[in-house]
$ cat coords-v7.pdb   # PDB, C-alpha atoms
ATOM      1  CA  GLY B 241     -47.894 -44.598  23.075
ATOM      2  CA  THR B 242     -44.864 -43.823  25.093
ATOM      3  CA  VAL B 243     -41.163 -44.478  24.520
ATOM      4  CA  THR B 244     -38.581 -44.796  27.265
ATOM      5  CA  ILE B 245     -35.010 -43.574  26.490
ATOM      6  CA  ASP B 246     -31.992 -43.905  28.785
ATOM      7  CA  ILE B 247     -29.772 -40.770  28.699
ATOM      8  CA  PRO B 248     -26.510 -41.042  30.671
ATOM      9  CA  GLY B 249     -26.001 -38.197  33.126
ATOM     10  CA  ASN B 250     -29.659 -37.090  33.118
ATOM     11  CA  ALA B 251     -30.737 -35.561  36.469
ATOM     12  CA  ASP B 252     -33.868 -37.721  36.460
ATOM     13  CA  GLY B 253     -31.901 -40.921  36.831
ATOM     14  CA  GLY B 254     -31.058 -41.397  33.188
ATOM     15  CA  THR B 255     -34.575 -42.134  31.910
ATOM     16  CA  VAL B 256     -36.913 -39.887  29.921
ATOM     17  CA  ILE B 257     -40.437 -40.891  28.960
ATOM     18  CA  LEU B 258     -41.680 -39.417  25.671
ATOM     19  CA  VAL B 259     -45.279 -39.189  24.634
ATOM     20  CA  ALA B 260     -46.204 -39.457  20.919
ATOM     21  CA  GLY B 261     -45.605 -36.099  19.183
ATOM     22  CA  ASP B 262     -42.723 -35.043  21.485
ATOM     23  CA  THR B 263     -39.421 -34.070  19.842
ATOM     24  CA  VAL B 264     -35.905 -34.578  21.162
ATOM     25  CA  GLU B 265     -33.150 -31.984  20.611
ATOM     26  CA  GLU B 266     -29.537 -33.095  20.468
ATOM     27  CA  PRO B 267     -27.840 -32.052  23.710
ATOM     28  CA  VAL B 268     -25.121 -29.407  23.417
ATOM     29  CA  ASP B 269     -21.784 -30.272  25.024
ATOM     30  CA  PRO B 270     -21.039 -27.331  27.341
ATOM     31  CA  GLU B 271     -17.300 -27.794  26.696
ATOM     32  CA  GLU B 272     -17.703 -26.987  22.978
ATOM     33  CA  PRO B 273     -18.791 -23.473  21.933
ATOM     34  CA  ASN B 274     -21.836 -23.297  19.725
ATOM     35  CA  GLU B 275     -19.972 -21.879  16.678
ATOM     36  CA  ASP B 276     -21.739 -20.285  13.774
ATOM     37  CA  LYS B 277     -21.718 -22.971  11.101
ATOM     38  CA  ASN B 278     -22.531 -20.548   8.272
ATOM     39  CA  LYS B 279     -19.900 -17.799   8.410
ATOM     40  CA  GLN B 280     -20.103 -15.441   5.445
ATOM     41  CA  GLY B 281     -18.455 -12.059   4.773
ATOM     42  CA  TRP B 282     -16.529 -10.043   7.350
ATOM     43  CA  VAL B 283     -16.224 -11.567  10.831
ATOM     44  CA  LEU B 284     -14.327 -10.049  13.794
ATOM     45  CA  GLU B 285     -12.560 -12.754  15.805
ATOM     46  CA  ASP B 286      -9.929 -12.228  18.511
ATOM     47  CA  SER B 287      -9.478  -8.551  17.511
ATOM     48  CA  HIS B 288      -8.753  -9.462  13.859
ATOM     49  CA  TRP B 289     -10.980  -9.213  10.814
ATOM     50  CA  TYR B 290     -11.469 -12.302   8.645
ATOM     51  CA  TYR B 291     -13.395 -12.707   5.428
ATOM     52  CA  TYR B 292     -15.427 -15.854   4.814
ATOM     53  CA  GLU B 293     -16.874 -17.233   1.612
ATOM     54  CA  GLY B 294     -19.041 -20.306   2.066
ATOM     55  CA  ASN B 295     -17.767 -20.719   5.643
ATOM     56  CA  VAL B 296     -14.149 -20.812   4.393
ATOM     57  CA  THR B 297     -11.596 -18.282   5.666
ATOM     58  CA  GLN B 298     -10.006 -16.428   2.752
ATOM     59  CA  THR B 299      -6.226 -15.963   2.595
ATOM     60  CA  GLY B 300      -3.972 -13.933   0.294
ATOM     61  CA  TRP B 301      -5.440 -11.250  -1.975
ATOM     62  CA  THR B 302      -9.221 -11.052  -1.619
ATOM     63  CA  LYS B 303     -11.496  -8.738  -3.592
ATOM     64  CA  VAL B 304     -14.624  -7.559  -1.793
ATOM     65  CA  GLY B 305     -16.798  -5.369  -3.994
ATOM     66  CA  ASN B 306     -14.315  -3.185  -5.873
ATOM     67  CA  THR B 307     -11.673  -3.218  -3.129
ATOM     68  CA  TRP B 308      -8.674  -5.502  -2.640
ATOM     69  CA  TYR B 309      -7.592  -6.712   0.804
ATOM     70  CA  TYR B 310      -4.724  -8.932   1.881
ATOM     71  CA  MET B 311      -5.245 -11.709   4.414
ATOM     72  CA  ASN B 312      -2.237 -13.439   5.970
ATOM     73  CA  SER B 313      -1.828 -17.225   6.035
ATOM     74  CA  SER B 314      -4.218 -17.513   9.004
ATOM     75  CA  GLY B 315      -6.775 -15.308   7.218
ATOM     76  CA  ALA B 316      -6.330 -12.161   9.355
ATOM     77  CA  MET B 317      -6.822  -8.930   7.378
ATOM     78  CA  GLN B 318      -3.614  -6.883   7.142
ATOM     79  CA  THR B 319      -3.184  -3.106   7.459
ATOM     80  CA  GLY B 320      -0.239  -0.750   6.913
ATOM     81  CA  TRP B 321       2.869  -1.764   4.979
ATOM     82  CA  THR B 322       2.662  -5.352   3.757
ATOM     83  CA  LYS B 323       5.289  -7.183   1.682
ATOM     84  CA  VAL B 324       3.940  -9.809  -0.712
ATOM     85  CA  ASP B 325       6.300 -11.685  -3.062
ATOM     86  CA  ASN B 326       9.079  -9.069  -2.650
ATOM     87  CA  THR B 327       6.685  -6.190  -3.430
ATOM     88  CA  TRP B 328       5.504  -3.616  -0.904
ATOM     89  CA  TYR B 329       1.846  -2.566  -0.678
ATOM     90  CA  TYR B 330       0.106  -0.117   1.627
ATOM     91  CA  LEU B 331      -3.225  -1.129   3.155
ATOM     92  CA  SER B 332      -5.291   1.554   4.881
ATOM     93  CA  GLY B 333      -6.611   1.254   8.433
ATOM     94  CA  SER B 334      -9.715  -0.403   6.952
ATOM     95  CA  GLY B 335      -7.438  -2.854   5.096
ATOM     96  CA  ALA B 336      -8.144  -1.435   1.618
ATOM     97  CA  MET B 337      -5.202  -1.678  -0.801
ATOM     98  CA  GLN B 338      -4.070   1.800  -1.852
ATOM     99  CA  THR B 339      -3.286   2.913  -5.404
ATOM    100  CA  GLY B 340      -1.952   6.216  -6.740
ATOM    101  CA  TRP B 341      -0.496   8.847  -4.415
ATOM    102  CA  THR B 342      -0.537   7.739  -0.787
ATOM    103  CA  LYS B 343       0.660   9.825   2.167
ATOM    104  CA  VAL B 344       1.995   7.840   5.115
ATOM    105  CA  GLY B 345       3.006  10.072   8.001
ATOM    106  CA  ASN B 346       4.646  13.059   6.293
ATOM    107  CA  THR B 347       5.926  11.102   3.291
ATOM    108  CA  TRP B 348       4.367  10.608  -0.131
ATOM    109  CA  TYR B 349       4.540   7.286  -1.984
ATOM    110  CA  TYR B 350       3.168   6.213  -5.333
ATOM    111  CA  MET B 351       1.420   2.869  -5.786
ATOM    112  CA  ASN B 352       0.728   1.700  -9.335
ATOM    113  CA  SER B 353      -2.683   0.438 -10.464
ATOM    114  CA  SER B 354      -1.933  -3.011  -8.990
ATOM    115  CA  GLY B 355      -1.037  -1.389  -5.651
ATOM    116  CA  ALA B 356       2.727  -2.048  -5.896
ATOM    117  CA  MET B 357       4.906   0.651  -4.296
ATOM    118  CA  GLN B 358       7.121   2.335  -6.883
ATOM    119  CA  THR B 359      10.828   3.107  -6.558
ATOM    120  CA  GLY B 360      13.189   4.991  -8.869
ATOM    121  CA  TRP B 361      11.889   7.116 -11.735
ATOM    122  CA  THR B 362       8.103   7.108 -11.941
ATOM    123  CA  LYS B 363       6.045   8.907 -14.565
ATOM    124  CA  VAL B 364       2.582  10.022 -13.470
ATOM    125  CA  GLY B 365       0.643  11.626 -16.281
ATOM    126  CA  SER B 366       3.277  13.666 -18.113
ATOM    127  CA  THR B 367       5.387  14.397 -15.016
ATOM    128  CA  TRP B 368       8.456  12.549 -13.745
ATOM    129  CA  TYR B 369       9.057  11.888 -10.051
ATOM    130  CA  TYR B 370      11.852  10.097  -8.238
ATOM    131  CA  MET B 371      11.176   7.683  -5.384
ATOM    132  CA  ASN B 372      14.128   6.511  -3.304
ATOM    133  CA  SER B 373      14.772   2.831  -2.521
ATOM    134  CA  SER B 374      12.241   2.956   0.335
ATOM    135  CA  GLY B 375       9.627   4.423  -2.041
ATOM    136  CA  ALA B 376       9.630   7.929  -0.539
ATOM    137  CA  MET B 377       9.020  10.732  -3.062
ATOM    138  CA  GLN B 378      12.016  13.050  -3.286
ATOM    139  CA  THR B 379      11.984  16.848  -3.295
ATOM    140  CA  GLY B 380      14.789  19.373  -3.768
ATOM    141  CA  TRP B 381      18.186  18.357  -5.132
ATOM    142  CA  THR B 382      18.326  14.630  -5.781
ATOM    143  CA  LYS B 383      21.394  12.738  -6.981
ATOM    144  CA  VAL B 384      20.676   9.682  -9.128
ATOM    145  CA  GLY B 385      23.829   7.857 -10.093
ATOM    146  CA  SER B 386      26.294  10.685 -10.780
ATOM    147  CA  THR B 387      23.653  13.168 -12.008
ATOM    148  CA  TRP B 388      21.847  15.882 -10.070
ATOM    149  CA  TYR B 389      18.148  16.638 -10.602
ATOM    150  CA  TYR B 390      15.826  19.111  -8.946
ATOM    151  CA  MET B 391      12.346  18.127  -7.785
ATOM    152  CA  ASN B 392       9.984  20.918  -6.737
ATOM    153  CA  SER B 393       7.990  20.834  -3.494
ATOM    154  CA  SER B 394       5.337  18.614  -5.130
ATOM    155  CA  GLY B 395       8.082  16.214  -6.264
ATOM    156  CA  ALA B 396       7.872  17.072  -9.982
ATOM    157  CA  MET B 397      11.206  16.931 -11.846
ATOM    158  CA  GLN B 398      12.199  20.346 -13.179
ATOM    159  CA  THR B 399      13.665  21.217 -16.572
ATOM    160  CA  GLY B 400      14.985  24.448 -18.077
ATOM    161  CA  TRP B 401      16.066  27.475 -16.068
ATOM    162  CA  LEU B 402      15.749  27.268 -12.284
ATOM    163  CA  LYS B 403      16.414  30.090  -9.812
ATOM    164  CA  LEU B 404      17.134  29.139  -6.222
ATOM    165  CA  GLY B 405      17.967  32.052  -3.954
ATOM    166  CA  GLN B 406      20.353  34.250  -5.954
ATOM    167  CA  ASN B 407      21.647  31.404  -8.145
ATOM    168  CA  TRP B 408      20.557  30.245 -11.592
ATOM    169  CA  TYR B 409      20.814  26.629 -12.745
ATOM    170  CA  PHE B 410      19.978  24.970 -16.030
ATOM    171  CA  LEU B 411      18.363  21.524 -16.202
ATOM    172  CA  ASN B 412      18.212  19.866 -19.619
ATOM    173  CA  ASN B 413      15.136  18.197 -21.137
ATOM    174  CA  TYR B 414      15.917  15.053 -19.116
ATOM    175  CA  GLY B 415      16.187  17.076 -15.914
ATOM    176  CA  SER B 416      19.927  16.683 -15.410
ATOM    177  CA  MET B 417      21.781  19.713 -14.032
ATOM    178  CA  GLN B 418      24.193  21.424 -16.449
ATOM    179  CA  LEU B 419      27.790  21.276 -15.167
ATOM    180  CA  GLN B 420      29.636  22.524 -18.244
ATOM    181  CA  ASN B 421      29.501  25.553 -20.456
ATOM    182  CA  LYS B 422      26.503  25.370 -22.754
ATOM    183  CA  THR B 423      25.047  27.357 -25.622
ATOM    184  CA  ILE B 424      21.338  27.950 -24.945
ATOM    185  CA  ASN B 425      19.236  29.773 -27.559
ATOM    186  CA  GLY B 426      22.437  30.937 -29.318
ATOM    187  CA  LYS B 427      24.124  32.322 -26.173
ATOM    188  CA  LEU B 428      27.042  30.708 -24.331
ATOM    189  CA  TYR B 429      26.510  30.270 -20.574
ATOM    190  CA  ARG B 430      29.125  29.167 -18.068
ATOM    191  CA  PHE B 431      28.373  26.953 -15.060
ATOM    192  CA  ASP B 432      30.622  26.005 -12.153
ATOM    193  CA  SER B 433      31.128  22.510 -10.746
ATOM    194  CA  SER B 434      28.063  22.888  -8.501
ATOM    195  CA  GLY B 435      25.867  23.828 -11.480
ATOM    196  CA  ARG B 436      25.555  27.526 -10.669
ATOM    197  CA  MET B 437      25.597  29.881 -13.638
ATOM    198  CA  LEU B 438      28.624  32.191 -13.529
TER     199      LEU B 438
END
$ encode --input "coords-v7.pdb" --output "structure tokens"
Amino acid sequence: GTVTIDIPGNADGGTVILVAGDTVEEPVDPEEPNEDKNKQGWVLEDSHWYYYEGNVTQTGWTKVGNTWYYMNSSGAMQTGWTKVDNTWYYLSGSGAMQTGWTKVGNTWYYMNSSGAMQTGWTKVGSTWYYMNSSGAMQTGWTKVGSTWYYMNSSGAMQTGWLKLGQNWYFLNNYGSMQLQNKTINGKLYRFDSSGRML
């Protein structure tokens, strides 16, 4: 048998005759894009990367494999410096959260195991480092409070005797520069107000 169906706007006058066994596909509105209804994983949209799970855009911290990423409130993957809940994180160009020593430009930073940028005194292994308030690792003479410390070129805090140019300095076990006369290994040493041994 045949079935007659009226379809508004059809070029054939609005009527289509179907023969038994024919199928009818739902027309696609040309005004609406035919979006992928099953988005999963990484999708590039409008020059931004998004991550989908079960067709739902992920926001906030998202773990993919063994790597953490941060998606803003619209779901766009973030890169570079990102502040989350008053804590700074650094996300590489691929969006991966960085941990440990991270060089940005010519400056070294240290991110703990949760990716949080460290400031102030930071112990890595058995070595102390000092990061300023912006997180940058310090080298050379560094004043913390009213005390001077010396960090070598790799940022490691120095202790004991230190020769810089023609001058000798003494840094105690906590790294602070000696500013007063001090007996070291049974011998009295004199230091001036800039810490130089006299």
$ atom_distance --input "coords-v7.pdb" --atom1 "CA of Tyr369 in chain B" --atom2 "CA of Ala396 in chain B"
5.3 Å
$ atom_distance --input "coords-v7.pdb" --atom1 "CA of Ser334 in chain B" --atom2 "CA of Val296 in chain B"
21.0 Å
$ resolve_selection --input "coords-v7.pdb" --expression "the PyMOL selection byres ((chain B and resi 387) around 10)" --output "list in words"
Thr382, Lys383, Val384, Gly385, Ser386, Trp388, Tyr389, Gly415, Ser416, Met417, Gln418 and Leu419 of chain B
$ write_last_selection --input "coords-v7.pdb" --atoms "C-alpha atoms" --output "mmCIF file, in the frame of the given file"
data_model
loop_
_atom_site.group_PDB
_atom_site.id
_atom_site.type_symbol
_atom_site.label_atom_id
_atom_site.label_comp_id
_atom_site.auth_asym_id
_atom_site.auth_seq_id
_atom_site.Cartn_x
_atom_site.Cartn_y
_atom_site.Cartn_z
ATOM 1 C CA THR B 382 18.326 14.630 -5.781
ATOM 2 C CA LYS B 383 21.394 12.738 -6.981
ATOM 3 C CA VAL B 384 20.676 9.682 -9.128
ATOM 4 C CA GLY B 385 23.829 7.857 -10.093
ATOM 5 C CA SER B 386 26.294 10.685 -10.780
ATOM 6 C CA TRP B 388 21.847 15.882 -10.070
ATOM 7 C CA TYR B 389 18.148 16.638 -10.602
ATOM 8 C CA GLY B 415 16.187 17.076 -15.914
ATOM 9 C CA SER B 416 19.927 16.683 -15.410
ATOM 10 C CA MET B 417 21.781 19.713 -14.032
ATOM 11 C CA GLN B 418 24.193 21.424 -16.449
ATOM 12 C CA LEU B 419 27.790 21.276 -15.167
#
$ residues_around --input "coords-v7.pdb" --residues "Val283 in chain B" --least-positions-apart "5" --cutoff "12 Å" --atoms "all atoms listed in the file" --output "VMD selection string"
chain B and resid 276 278 288 to 293 295 to 298 315 to 317
$ write_last_selection --input "coords-v7.pdb" --atoms "C-alpha atoms" --output "tab-separated table (two decimals), in the frame of the given file"
chain	number	residue	atom	x	y	z
B	276	ASP	CA	-21.74	-20.28	13.77
B	278	ASN	CA	-22.53	-20.55	8.27
B	288	HIS	CA	-8.75	-9.46	13.86
B	289	TRP	CA	-10.98	-9.21	10.81
B	290	TYR	CA	-11.47	-12.30	8.64
B	291	TYR	CA	-13.40	-12.71	5.43
B	292	TYR	CA	-15.43	-15.85	4.81
B	293	GLU	CA	-16.87	-17.23	1.61
B	295	ASN	CA	-17.77	-20.72	5.64
B	296	VAL	CA	-14.15	-20.81	4.39
B	297	THR	CA	-11.60	-18.28	5.67
B	298	GLN	CA	-10.01	-16.43	2.75
B	315	GLY	CA	-6.78	-15.31	7.22
B	316	ALA	CA	-6.33	-12.16	9.36
B	317	MET	CA	-6.82	-8.93	7.38
$ atom_distance --input "coords-v7.pdb" --atom1 "CA of Gln280 in chain B" --atom2 "CA of Ser314 in chain B"
16.4 Å
$ resolve_selection --input "coords-v7.pdb" --expression "the PyMOL selection byres ((chain B and resi 352-365) around 9)" --output "ChimeraX atom specification"
/B:327-330,337-341,349-351,366-377,384
$ residues_around --input "coords-v7.pdb" --residues "Thr302 in chain B" --least-positions-apart "6" --cutoff "9 Å" --atoms "all atoms listed in the file" --output "number ranges by chain"
B: 291, 308-311
$ write_last_selection --input "coords-v7.pdb" --atoms "C-alpha atoms" --output "short mmCIF file (atom, residue, chain, number, x, y, z; two decimals), in the coordinates of the input"
data_model
loop_
_atom_site.label_atom_id
_atom_site.label_comp_id
_atom_site.auth_asym_id
_atom_site.auth_seq_id
_atom_site.Cartn_x
_atom_site.Cartn_y
_atom_site.Cartn_z
CA TYR B 291 -13.40 -12.71 5.43
CA TRP B 308 -8.67 -5.50 -2.64
CA TYR B 309 -7.59 -6.71 0.80
CA TYR B 310 -4.72 -8.93 1.88
CA MET B 311 -5.24 -11.71 4.41
#
$ closest_residue --input "coords-v7.pdb" --among "B:Asn413, B:Thr347, B:Asn407, B:Thr319" --to "Leu438 in chain B" --atoms "all atoms listed in the file"
B:Asn407
$ decode --input "coords-v7.pdb" --residues "range 378-397 of chain B" --atoms "N, CA, C and O atoms" --output "PDB file, in the first residue's frame"
ATOM      1  N   GLN B 378      65.368  33.022  44.991  1.00  0.00           N
ATOM      2  CA  GLN B 378      66.380  34.052  45.184  1.00  0.00           C
ATOM      3  C   GLN B 378      67.790  33.476  45.088  1.00  0.00           C
ATOM      4  O   GLN B 378      68.025  32.312  45.455  1.00  0.00           O
ATOM      5  N   THR B 379      68.708  34.290  44.590  1.00  0.00           N
ATOM      6  CA  THR B 379      70.126  33.938  44.574  1.00  0.00           C
ATOM      7  C   THR B 379      70.897  35.133  45.120  1.00  0.00           C
ATOM      8  O   THR B 379      70.385  36.251  45.171  1.00  0.00           O
ATOM      9  N   GLY B 380      72.144  34.879  45.551  1.00  0.00           N
ATOM     10  CA  GLY B 380      72.971  35.957  46.089  1.00  0.00           C
ATOM     11  C   GLY B 380      72.512  36.351  47.487  1.00  0.00           C
ATOM     12  O   GLY B 380      71.834  35.582  48.176  1.00  0.00           O
ATOM     13  N   TRP B 381      72.887  37.572  47.898  1.00  0.00           N
ATOM     14  CA  TRP B 381      72.490  38.053  49.220  1.00  0.00           C
ATOM     15  C   TRP B 381      70.995  38.304  49.257  1.00  0.00           C
ATOM     16  O   TRP B 381      70.444  38.963  48.375  1.00  0.00           O
ATOM     17  N   THR B 382      70.349  37.772  50.268  1.00  0.00           N
ATOM     18  CA  THR B 382      68.903  37.891  50.421  1.00  0.00           C
ATOM     19  C   THR B 382      68.598  38.282  51.859  1.00  0.00           C
ATOM     20  O   THR B 382      69.029  37.598  52.786  1.00  0.00           O
ATOM     21  N   LYS B 383      67.862  39.375  52.028  1.00  0.00           N
ATOM     22  CA  LYS B 383      67.502  39.824  53.377  1.00  0.00           C
ATOM     23  C   LYS B 383      66.092  39.348  53.691  1.00  0.00           C
ATOM     24  O   LYS B 383      65.138  39.642  52.966  1.00  0.00           O
ATOM     25  N   VAL B 384      65.965  38.602  54.788  1.00  0.00           N
ATOM     26  CA  VAL B 384      64.667  38.104  55.240  1.00  0.00           C
ATOM     27  C   VAL B 384      64.463  38.672  56.638  1.00  0.00           C
ATOM     28  O   VAL B 384      65.225  38.346  57.555  1.00  0.00           O
ATOM     29  N   GLY B 385      63.459  39.524  56.777  1.00  0.00           N
ATOM     30  CA  GLY B 385      63.312  40.237  58.038  1.00  0.00           C
ATOM     31  C   GLY B 385      64.506  41.162  58.198  1.00  0.00           C
ATOM     32  O   GLY B 385      64.798  41.968  57.317  1.00  0.00           O
ATOM     33  N   SER B 386      65.253  41.018  59.276  1.00  0.00           N
ATOM     34  CA  SER B 386      66.447  41.848  59.496  1.00  0.00           C
ATOM     35  C   SER B 386      67.733  41.039  59.320  1.00  0.00           C
ATOM     36  O   SER B 386      68.814  41.505  59.670  1.00  0.00           O
ATOM     37  N   THR B 387      67.618  39.825  58.781  1.00  0.00           N
ATOM     38  CA  THR B 387      68.767  38.915  58.681  1.00  0.00           C
ATOM     39  C   THR B 387      69.163  38.695  57.227  1.00  0.00           C
ATOM     40  O   THR B 387      68.311  38.516  56.350  1.00  0.00           O
ATOM     41  N   TRP B 388      70.490  38.686  57.005  1.00  0.00           N
ATOM     42  CA  TRP B 388      71.024  38.424  55.673  1.00  0.00           C
ATOM     43  C   TRP B 388      71.416  36.949  55.534  1.00  0.00           C
ATOM     44  O   TRP B 388      71.992  36.368  56.447  1.00  0.00           O
ATOM     45  N   TYR B 389      71.101  36.405  54.336  1.00  0.00           N
ATOM     46  CA  TYR B 389      71.443  35.033  53.981  1.00  0.00           C
ATOM     47  C   TYR B 389      72.112  35.082  52.615  1.00  0.00           C
ATOM     48  O   TYR B 389      71.939  36.039  51.855  1.00  0.00           O
ATOM     49  N   TYR B 390      72.848  34.022  52.296  1.00  0.00           N
ATOM     50  CA  TYR B 390      73.443  33.962  50.963  1.00  0.00           C
ATOM     51  C   TYR B 390      73.001  32.679  50.286  1.00  0.00           C
ATOM     52  O   TYR B 390      73.168  31.576  50.812  1.00  0.00           O
ATOM     53  N   MET B 391      72.417  32.858  49.089  1.00  0.00           N
ATOM     54  CA  MET B 391      71.965  31.728  48.270  1.00  0.00           C
ATOM     55  C   MET B 391      72.910  31.615  47.071  1.00  0.00           C
ATOM     56  O   MET B 391      73.153  32.606  46.387  1.00  0.00           O
ATOM     57  N   ASN B 392      73.429  30.418  46.811  1.00  0.00           N
ATOM     58  CA  ASN B 392      74.346  30.280  45.681  1.00  0.00           C
ATOM     59  C   ASN B 392      73.583  30.395  44.358  1.00  0.00           C
ATOM     60  O   ASN B 392      72.375  30.639  44.342  1.00  0.00           O
ATOM     61  N   SER B 393      74.294  30.203  43.250  1.00  0.00           N
ATOM     62  CA  SER B 393      73.665  30.415  41.937  1.00  0.00           C
ATOM     63  C   SER B 393      72.536  29.440  41.646  1.00  0.00           C
ATOM     64  O   SER B 393      71.675  29.704  40.808  1.00  0.00           O
ATOM     65  N   SER B 394      72.503  28.293  42.369  1.00  0.00           N
ATOM     66  CA  SER B 394      71.389  27.349  42.195  1.00  0.00           C
ATOM     67  C   SER B 394      70.290  27.623  43.218  1.00  0.00           C
ATOM     68  O   SER B 394      69.311  26.887  43.285  1.00  0.00           O
ATOM     69  N   GLY B 395      70.469  28.674  44.037  1.00  0.00           N
ATOM     70  CA  GLY B 395      69.445  29.060  45.001  1.00  0.00           C
ATOM     71  C   GLY B 395      69.597  28.422  46.367  1.00  0.00           C
ATOM     72  O   GLY B 395      68.854  28.768  47.290  1.00  0.00           O
ATOM     73  N   ALA B 396      70.556  27.517  46.549  1.00  0.00           N
ATOM     74  CA  ALA B 396      70.715  26.809  47.817  1.00  0.00           C
ATOM     75  C   ALA B 396      71.281  27.744  48.884  1.00  0.00           C
ATOM     76  O   ALA B 396      72.273  28.439  48.648  1.00  0.00           O
ATOM     77  N   MET B 397      70.665  27.763  50.067  1.00  0.00           N
ATOM     78  CA  MET B 397      71.151  28.558  51.187  1.00  0.00           C
ATOM     79  C   MET B 397      72.503  28.026  51.644  1.00  0.00           C
ATOM     80  O   MET B 397      72.700  26.824  51.780  1.00  0.00           O
TER      81      MET B 397
END
